[in-house]
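Each remark here refers to the structure printed beneath this line.
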Amino acid sequence: MRQYFYVLLALLGVASAQQKYSPTWESLDSRPLPGWYDESKVGIFLHWGVFSVPSFGAQSGGTAGEWFWWYWKGSHSKEQTEFMNRTYPPGFRYEDFAPKWQAELWNPDDWAELFAASGARYVVLTSKHHEGFTLWPSENSWNWNSMDIGPHRDLVGDLATAVRKQKSLHFGLYHSMFEWFNPLYLQDRENGFKTQTFVADKTLPELYEIVNKYQPELIWSDGDWEADPGYWNSTNFLAWLYNDSPVKDTIVVNDRWGKGATCKHGGFYTCSDRYNPGHLITHKWENAMTVDKGSWGYCRTSPISDYLSMDELISEIVTTVSCGGNILINVGPTADGRIAPIFEERLRQMGSWLNTNGAAIYGSHPWTTQNDTATPGVWYTLGEDKTTVYAITLQWPNTQQLVLGSVASMPKSVSLLGFEGEIHFTKGSTSGISITMPDIEKNTLMWAWVFALNQ
């Protein structure tokens, strides 16, 4: 018996050793993605920062509100410069916006309730954007953080607590690796990134700080594109994250860890903003997109036409999930701490649709084909049980017949999610099946209609 005990210990030791990851892409990329992420499918992205105070984006150039500082002082955009000249006194600096960010109406529990009601399963907050202002009392961002100036609150910590009260939600953090105007970064860049002062004194200490202090389940890295992963010391950080961090078993990361890494290395791929290829991608990927088509941060200048309609939003969800992706839906909070009514309406309506049709989304898998061969606007998923096929049509057919050319064998039964009546179907005239649309007002179930093909 004692021999078996020691053999078991030895085997456990080998298994533990095999789970250690080396600071190489080959090793890091071999780590399985924690299952919670793929099962979740839908997340909420929040771009909140000092940029939320001016909340200005030039309509003519489509400039995003969260890049305000860069457009004003980096590229010297005409629209941002004229806005500042007519709105603020001479000598006003970007730093002077920080005390004006009060978040006086913010209730993190209200946000968390809304995100849970939206049907999202994870939330990602910008802990620090390219402006360098941290939304937590960072030891590495003196007097340029949300505790020292502005809200005088630990925004990351308060939201993390609120989100975790909602049992359906996971909490994640966005972090920008670079900062537009940080002198340490500018000096490293001037040196051809042969020095790493900024990384050693700012980027890495912040990453270790947010992981150890807030234990997010997702790190959404960004601001990496000017230097390669070696400058950022990315692989060493990820090896620590996977091997020794307090979230090593649950943490998920994206692919933005240095020039050349995007869409090639990391946990899930983002490839580009608003990435939605429209075909199956075998590696797990994410469509990070915005309800405001032109801006990630809240933008007071956005007209109603800049906001996605519910038809457009549901289409993004369906096409993304059908092709194996997750969708991260961005809304920009206001400086006073509100989710604007148009964003709230979209999120609650999304929750209503997912409450009815979630079986086709959560935990689903890509099917053998993604969109139908006969009828445009029909997308497929395979249910979590890997038996039920879901056909999601984005248009109600005018003929009252929905032809599914990609369905090769007759299902045992067909049902319409959210409808209790019987659904009639026959073999198609040439191939597939033809479903008779039920005699109901199509607006009873809105935006997209999901048929379960039960095998």
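Ligands are numbered from 1 in the order shown, residues from 1 within each chain, and chains are lettered A, B, ... in the order they appear in the structure tokens.
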Need to verify the contact set: Trp396 (chain A), 10 Å, only C-alpha atoms, exclusion of same-chain residues closer than 5 positions in sequence. Can you return it as a list in words? Gly377, Gln401, Leu402, Met437, Lys442, Asn443, Met446, Trp447, Ala448 and Trp449 of chain A
Please produce a file of those selected residues containing N, CA and C atoms, as a PDB file, in the first residue's frame.
```
ATOM      1  N   GLY A 377     -28.877  35.193 -44.539  1.00  0.00           N
ATOM      2  CA  GLY A 377     -29.299  35.684 -43.236  1.00  0.00           C
ATOM      3  C   GLY A 377     -29.673  34.606 -42.249  1.00  0.00           C
ATOM      4  N   GLN A 401     -42.268  30.631 -45.738  1.00  0.00           N
ATOM      5  CA  GLN A 401     -41.511  29.385 -45.776  1.00  0.00           C
ATOM      6  C   GLN A 401     -40.026  29.697 -45.597  1.00  0.00           C
ATOM      7  N   LEU A 402     -39.431  29.055 -44.612  1.00  0.00           N
ATOM      8  CA  LEU A 402     -38.005  29.222 -44.362  1.00  0.00           C
ATOM      9  C   LEU A 402     -37.292  27.977 -44.872  1.00  0.00           C
ATOM     10  N   MET A 437     -43.517  29.075 -41.339  1.00  0.00           N
ATOM     11  CA  MET A 437     -43.472  30.040 -40.247  1.00  0.00           C
ATOM     12  C   MET A 437     -44.821  30.054 -39.519  1.00  0.00           C
ATOM     13  N   LYS A 442     -44.889  38.677 -36.169  1.00  0.00           N
ATOM     14  CA  LYS A 442     -43.438  38.499 -36.084  1.00  0.00           C
ATOM     15  C   LYS A 442     -42.818  39.393 -35.022  1.00  0.00           C
ATOM     16  N   ASN A 443     -43.503  40.464 -34.645  1.00  0.00           N
ATOM     17  CA  ASN A 443     -42.974  41.356 -33.623  1.00  0.00           C
ATOM     18  C   ASN A 443     -43.171  40.804 -32.217  1.00  0.00           C
ATOM     19  N   MET A 446     -38.731  39.268 -31.477  1.00  0.00           N
ATOM     20  CA  MET A 446     -38.133  40.333 -32.278  1.00  0.00           C
ATOM     21  C   MET A 446     -36.667  40.090 -32.618  1.00  0.00           C
ATOM     22  N   TRP A 447     -36.237  40.733 -33.678  1.00  0.00           N
ATOM     23  CA  TRP A 447     -34.847  40.923 -34.111  1.00  0.00           C
ATOM     24  C   TRP A 447     -34.217  39.695 -34.769  1.00  0.00           C
ATOM     25  N   ALA A 448     -34.451  38.527 -34.257  1.00  0.00           N
ATOM     26  CA  ALA A 448     -33.968  37.297 -34.888  1.00  0.00           C
ATOM     27  C   ALA A 448     -34.762  36.140 -34.300  1.00  0.00           C
ATOM     28  N   TRP A 449     -34.991  35.099 -35.118  1.00  0.00           N
ATOM     29  CA  TRP A 449     -35.848  33.993 -34.719  1.00  0.00           C
ATOM     30  C   TRP A 449     -35.046  32.697 -34.754  1.00  0.00           C
TER      31      TRP A 449
END
```
(Q) Can you pull out the residues contacting Leu114 (chain A)? Cut-off 10 Å, using only C-alpha atoms, and skip same-chain residues under 4 positions away; I want them as a list in words. (A) Pro108, Asp109, Asp110, Ser118, Gly119, Ala120, Ile339, Glu344, Glu345, Leu347, Arg348 and Gly351 of chain A
Could you save those same residues with N, CA and C atoms as a short mmCIF file (atom, residue, chain, number, x, y, z; two decimals), in the first residue's frame?
```cif
data_model
loop_
_atom_site.label_atom_id
_atom_site.label_comp_id
_atom_site.auth_asym_id
_atom_site.auth_seq_id
_atom_site.Cartn_x
_atom_site.Cartn_y
_atom_site.Cartn_z
N PRO A 108 -22.14 51.50 -8.58
CA PRO A 108 -21.64 50.29 -9.25
C PRO A 108 -22.62 49.12 -9.19
N ASP A 109 -23.44 49.06 -8.14
CA ASP A 109 -24.42 47.97 -8.07
C ASP A 109 -25.47 48.11 -9.17
N ASP A 110 -25.83 49.35 -9.51
CA ASP A 110 -26.77 49.55 -10.61
C ASP A 110 -26.17 49.09 -11.93
N SER A 118 -28.53 42.28 -19.01
CA SER A 118 -28.25 42.30 -20.45
C SER A 118 -28.00 40.91 -21.02
N GLY A 119 -27.77 39.94 -20.14
CA GLY A 119 -27.44 38.60 -20.59
C GLY A 119 -25.96 38.38 -20.79
N ALA A 120 -25.15 39.42 -20.56
CA ALA A 120 -23.70 39.24 -20.65
C ALA A 120 -23.23 38.33 -19.52
N ILE A 339 -24.80 55.09 -17.25
CA ILE A 339 -24.88 54.43 -18.55
C ILE A 339 -26.02 55.13 -19.27
N GLU A 344 -28.46 51.76 -22.19
CA GLU A 344 -29.24 50.91 -21.29
C GLU A 344 -30.36 50.20 -22.05
N GLU A 345 -31.02 50.94 -22.93
CA GLU A 345 -32.10 50.32 -23.71
C GLU A 345 -31.57 49.16 -24.55
N LEU A 347 -28.93 47.33 -24.05
CA LEU A 347 -28.49 46.20 -23.22
C LEU A 347 -29.68 45.44 -22.65
N ARG A 348 -30.70 46.14 -22.21
CA ARG A 348 -31.86 45.43 -21.65
C ARG A 348 -32.62 44.69 -22.74
N GLY A 351 -30.77 41.60 -23.41
CA GLY A 351 -31.06 40.62 -22.38
C GLY A 351 -32.38 39.91 -22.59
#
```
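The two atoms in question, CA of Asn357 (chain A) and CA of Thr381 (chain A), are spaced 11.7 Å apart.
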| said: Taking the DSSP secondary structure from the backbone, can you list the residues of region 330-452 of chain A that are strand (DSSP E), as a ChimeraX atom specification? | reply: /A:330-331,378-382,389-393,401-404,413-416,425-427,433-436,449-452
#### Entry: region 234-238 of chain A environment, 12 Å, only C-alpha atoms, sequence neighbours closer than 5 positions dropped, as an MDAnalysis selection string
chainID A and resid 20:29 31 177 199:200 203:208 211 219 221:222 224 227:229 243:245 247:248 251:259 261 265:267
Write the residues you've just listed into a file as a short mmCIF file (atom, residue, chain, number, x, y, z; two decimals), in the first residue's frame, and include N, CA and C atoms for each of them.
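Heads up, here's the output in part.cif:
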```
data_model
loop_
_atom_site.label_atom_id
_atom_site.label_comp_id
_atom_site.auth_asym_id
_atom_site.auth_seq_id
_atom_site.Cartn_x
_atom_site.Cartn_y
_atom_site.Cartn_z
N LYS A 20 3.43 23.49 -15.72
CA LYS A 20 4.25 24.69 -15.70
C LYS A 20 4.53 25.16 -17.12
N TYR A 21 4.42 26.45 -17.34
CA TYR A 21 4.62 27.01 -18.66
C TYR A 21 5.90 27.84 -18.68
N SER A 22 6.66 27.67 -19.73
CA SER A 22 7.90 28.42 -19.91
C SER A 22 7.59 29.75 -20.58
N PRO A 23 8.46 30.74 -20.44
CA PRO A 23 8.22 32.05 -21.05
C PRO A 23 8.56 32.07 -22.54
N THR A 24 7.98 31.11 -23.26
CA THR A 24 8.10 31.06 -24.72
C THR A 24 6.71 30.97 -25.31
N TRP A 25 6.53 31.48 -26.52
CA TRP A 25 5.20 31.43 -27.11
C TRP A 25 4.76 29.99 -27.34
N GLU A 26 5.68 29.13 -27.71
CA GLU A 26 5.32 27.72 -27.93
C GLU A 26 4.71 27.12 -26.68
N SER A 27 5.30 27.38 -25.54
CA SER A 27 4.79 26.84 -24.29
C SER A 27 3.51 27.55 -23.87
N LEU A 28 3.50 28.86 -23.90
CA LEU A 28 2.34 29.63 -23.45
C LEU A 28 1.11 29.35 -24.30
N ASP A 29 1.32 29.21 -25.60
CA ASP A 29 0.19 28.97 -26.50
C ASP A 29 -0.39 27.57 -26.36
N ARG A 31 -1.30 26.32 -23.53
CA ARG A 31 -2.20 26.30 -22.37
C ARG A 31 -3.65 26.27 -22.83
N MET A 177 -0.67 49.02 -22.31
CA MET A 177 0.74 48.85 -21.99
C MET A 177 1.51 50.15 -22.15
N VAL A 199 8.81 49.97 -18.98
CA VAL A 199 8.24 48.65 -18.69
C VAL A 199 8.55 48.25 -17.24
N ALA A 200 9.78 48.47 -16.83
CA ALA A 200 10.19 48.06 -15.49
C ALA A 200 9.56 48.90 -14.40
N THR A 203 4.70 49.67 -16.62
CA THR A 203 3.78 48.68 -17.19
C THR A 203 3.70 47.41 -16.35
N LEU A 204 4.82 46.77 -16.13
CA LEU A 204 4.79 45.50 -15.39
C LEU A 204 4.36 45.66 -13.94
N PRO A 205 4.85 46.66 -13.20
CA PRO A 205 4.35 46.83 -11.84
C PRO A 205 2.83 47.00 -11.78
N GLU A 206 2.26 47.70 -12.75
CA GLU A 206 0.81 47.87 -12.78
C GLU A 206 0.10 46.55 -13.04
N LEU A 207 0.62 45.76 -13.98
CA LEU A 207 -0.02 44.48 -14.29
C LEU A 207 0.02 43.54 -13.08
N TYR A 208 1.16 43.45 -12.44
CA TYR A 208 1.25 42.62 -11.23
C TYR A 208 0.31 43.16 -10.15
N VAL A 211 -3.45 42.31 -10.92
CA VAL A 211 -3.72 40.87 -10.78
C VAL A 211 -3.74 40.47 -9.31
N ILE A 219 -7.54 39.43 -18.59
CA ILE A 219 -6.70 40.60 -18.84
C ILE A 219 -6.78 40.90 -20.33
N SER A 221 -5.24 43.11 -22.83
CA SER A 221 -4.08 43.97 -23.05
C SER A 221 -4.24 44.77 -24.34
N ASP A 222 -3.64 45.98 -24.35
CA ASP A 222 -3.74 46.86 -25.51
C ASP A 222 -2.56 47.83 -25.45
N ASP A 224 0.10 48.01 -27.33
CA ASP A 224 1.35 47.24 -27.43
C ASP A 224 2.07 47.38 -28.75
N ALA A 227 6.07 48.33 -30.10
CA ALA A 227 7.27 47.57 -29.71
C ALA A 227 6.96 46.08 -29.67
N ASP A 228 7.99 45.27 -29.83
CA ASP A 228 7.78 43.83 -29.87
C ASP A 228 7.61 43.25 -28.46
N PRO A 229 7.16 42.02 -28.35
CA PRO A 229 6.92 41.42 -27.02
C PRO A 229 8.15 41.40 -26.13
N ASN A 243 1.42 30.35 -14.18
CA ASN A 243 2.04 29.40 -13.24
C ASN A 243 1.82 29.73 -11.78
N ASP A 244 1.94 31.00 -11.43
CA ASP A 244 2.07 31.36 -10.02
C ASP A 244 1.10 32.42 -9.54
N SER A 245 0.37 33.06 -10.42
CA SER A 245 -0.52 34.14 -9.98
C SER A 245 -1.73 33.58 -9.23
N VAL A 247 -4.67 33.88 -9.96
CA VAL A 247 -5.76 33.54 -10.89
C VAL A 247 -5.26 32.56 -11.97
N LYS A 248 -4.22 31.82 -11.68
CA LYS A 248 -3.58 30.98 -12.69
C LYS A 248 -4.51 29.93 -13.30
N ILE A 251 -7.57 32.50 -15.33
CA ILE A 251 -7.27 33.70 -16.11
C ILE A 251 -7.30 33.42 -17.61
N VAL A 252 -7.85 34.39 -18.33
CA VAL A 252 -7.90 34.38 -19.79
C VAL A 252 -7.27 35.68 -20.28
N VAL A 253 -6.48 35.61 -21.34
CA VAL A 253 -5.87 36.81 -21.90
C VAL A 253 -6.13 36.87 -23.40
N ASN A 254 -5.92 38.06 -23.95
CA ASN A 254 -6.06 38.23 -25.39
C ASN A 254 -4.71 38.12 -26.07
N ASP A 255 -4.55 38.74 -27.23
CA ASP A 255 -3.38 38.54 -28.07
C ASP A 255 -2.52 39.78 -28.26
N ARG A 256 -2.81 40.85 -27.54
CA ARG A 256 -2.11 42.11 -27.77
C ARG A 256 -0.96 42.28 -26.78
N TRP A 257 0.14 41.58 -27.08
CA TRP A 257 1.28 41.54 -26.16
C TRP A 257 2.56 42.01 -26.84
N GLY A 258 2.44 42.76 -27.94
CA GLY A 258 3.59 43.28 -28.64
C GLY A 258 3.45 43.12 -30.13
N LYS A 259 4.15 43.95 -30.86
CA LYS A 259 4.11 43.93 -32.33
C LYS A 259 4.43 42.53 -32.84
N ALA A 261 2.50 39.87 -32.27
CA ALA A 261 1.81 38.85 -31.48
C ALA A 261 0.32 38.78 -31.78
N HIS A 265 -0.56 34.94 -31.13
CA HIS A 265 -0.24 34.38 -29.82
C HIS A 265 -1.25 34.89 -28.79
N GLY A 266 -1.30 34.18 -27.66
CA GLY A 266 -2.19 34.59 -26.58
C GLY A 266 -3.33 33.61 -26.40
N GLY A 267 -4.22 33.94 -25.47
CA GLY A 267 -5.33 33.04 -25.17
C GLY A 267 -6.38 33.04 -26.26
#
```
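Omitting Val318 (chain A) and its sequence neighbours fewer than 2 positions away, and counting only C-alpha atoms, the residues within 8 Å are Ile314, Ser315, Glu316, Thr320, Val321, Ser322, Ile361, Trp379 and Ile392 of chain A.
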So which residues of region 241-409 of chain A fall under alpha helix (DSSP H) by DSSP, listed as number ranges by chain? A: 241-243, 310-322, 341-357
In terms of only C-alpha atoms, the residue from A:Met410, A:Val42, A:Val50, A:Leu453 at minimal distance from Ile423 (chain A) is A:Leu453
- Residues near Thr282 (chain A), cut-off 10 Å, only C-alpha atoms, skip fewer than 5 positions along chain, as an MDAnalysis selection string: chainID A and resid 323:325 366
Students should find that CA of Ile440 (chain A) and CA of Val414 (chain A) are spaced 16.4 Å
Open item on the list: If we count only C-alpha atoms and set the cut-off at 8 Å, which residues sit around Phe51 (chain A), ignoring sequence neighbours fewer than 4 positions away in its own chain? Please answer as a list in words.
Closed with: Ser55, Gly65, Glu66, Trp67, Phe68, Trp69, Phe97 and Gly297 of chain A
If you count only C-alpha atoms, the residue of A:Ser415, A:Thr387, A:Thr161, A:Asn85 closest to Asn107 (chain A) turns out to be A:Thr161
Restricting to only C-alpha atoms, whichever of A:Leu218, A:Leu382, A:Ile342, A:Ala359 is closest to Ser302 (chain A) is A:Ile342
Contacts of region 178-246 of chain A with region 130-134 of chain A up to 7 Å, shortest pair per row, only C-alpha atoms, as JSON lines:
```
{"residue": "A:Phe178", "atom": "CA", "partner": "A:His130", "partner_atom": "CA", "distance": 6.2}
{"residue": "A:Glu179", "atom": "CA", "partner": "A:His130", "partner_atom": "CA", "distance": 4.6}
{"residue": "A:Trp180", "atom": "CA", "partner": "A:His130", "partner_atom": "CA", "distance": 5.9}
{"residue": "A:Gly223", "atom": "CA", "partner": "A:His130", "partner_atom": "CA", "distance": 6.8}
```
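Distance check against Glu422 (chain A) using only C-alpha atoms: of A:Val53, A:Ile435, A:Ala58, A:Ala162, the minimum falls on A:Ile435.
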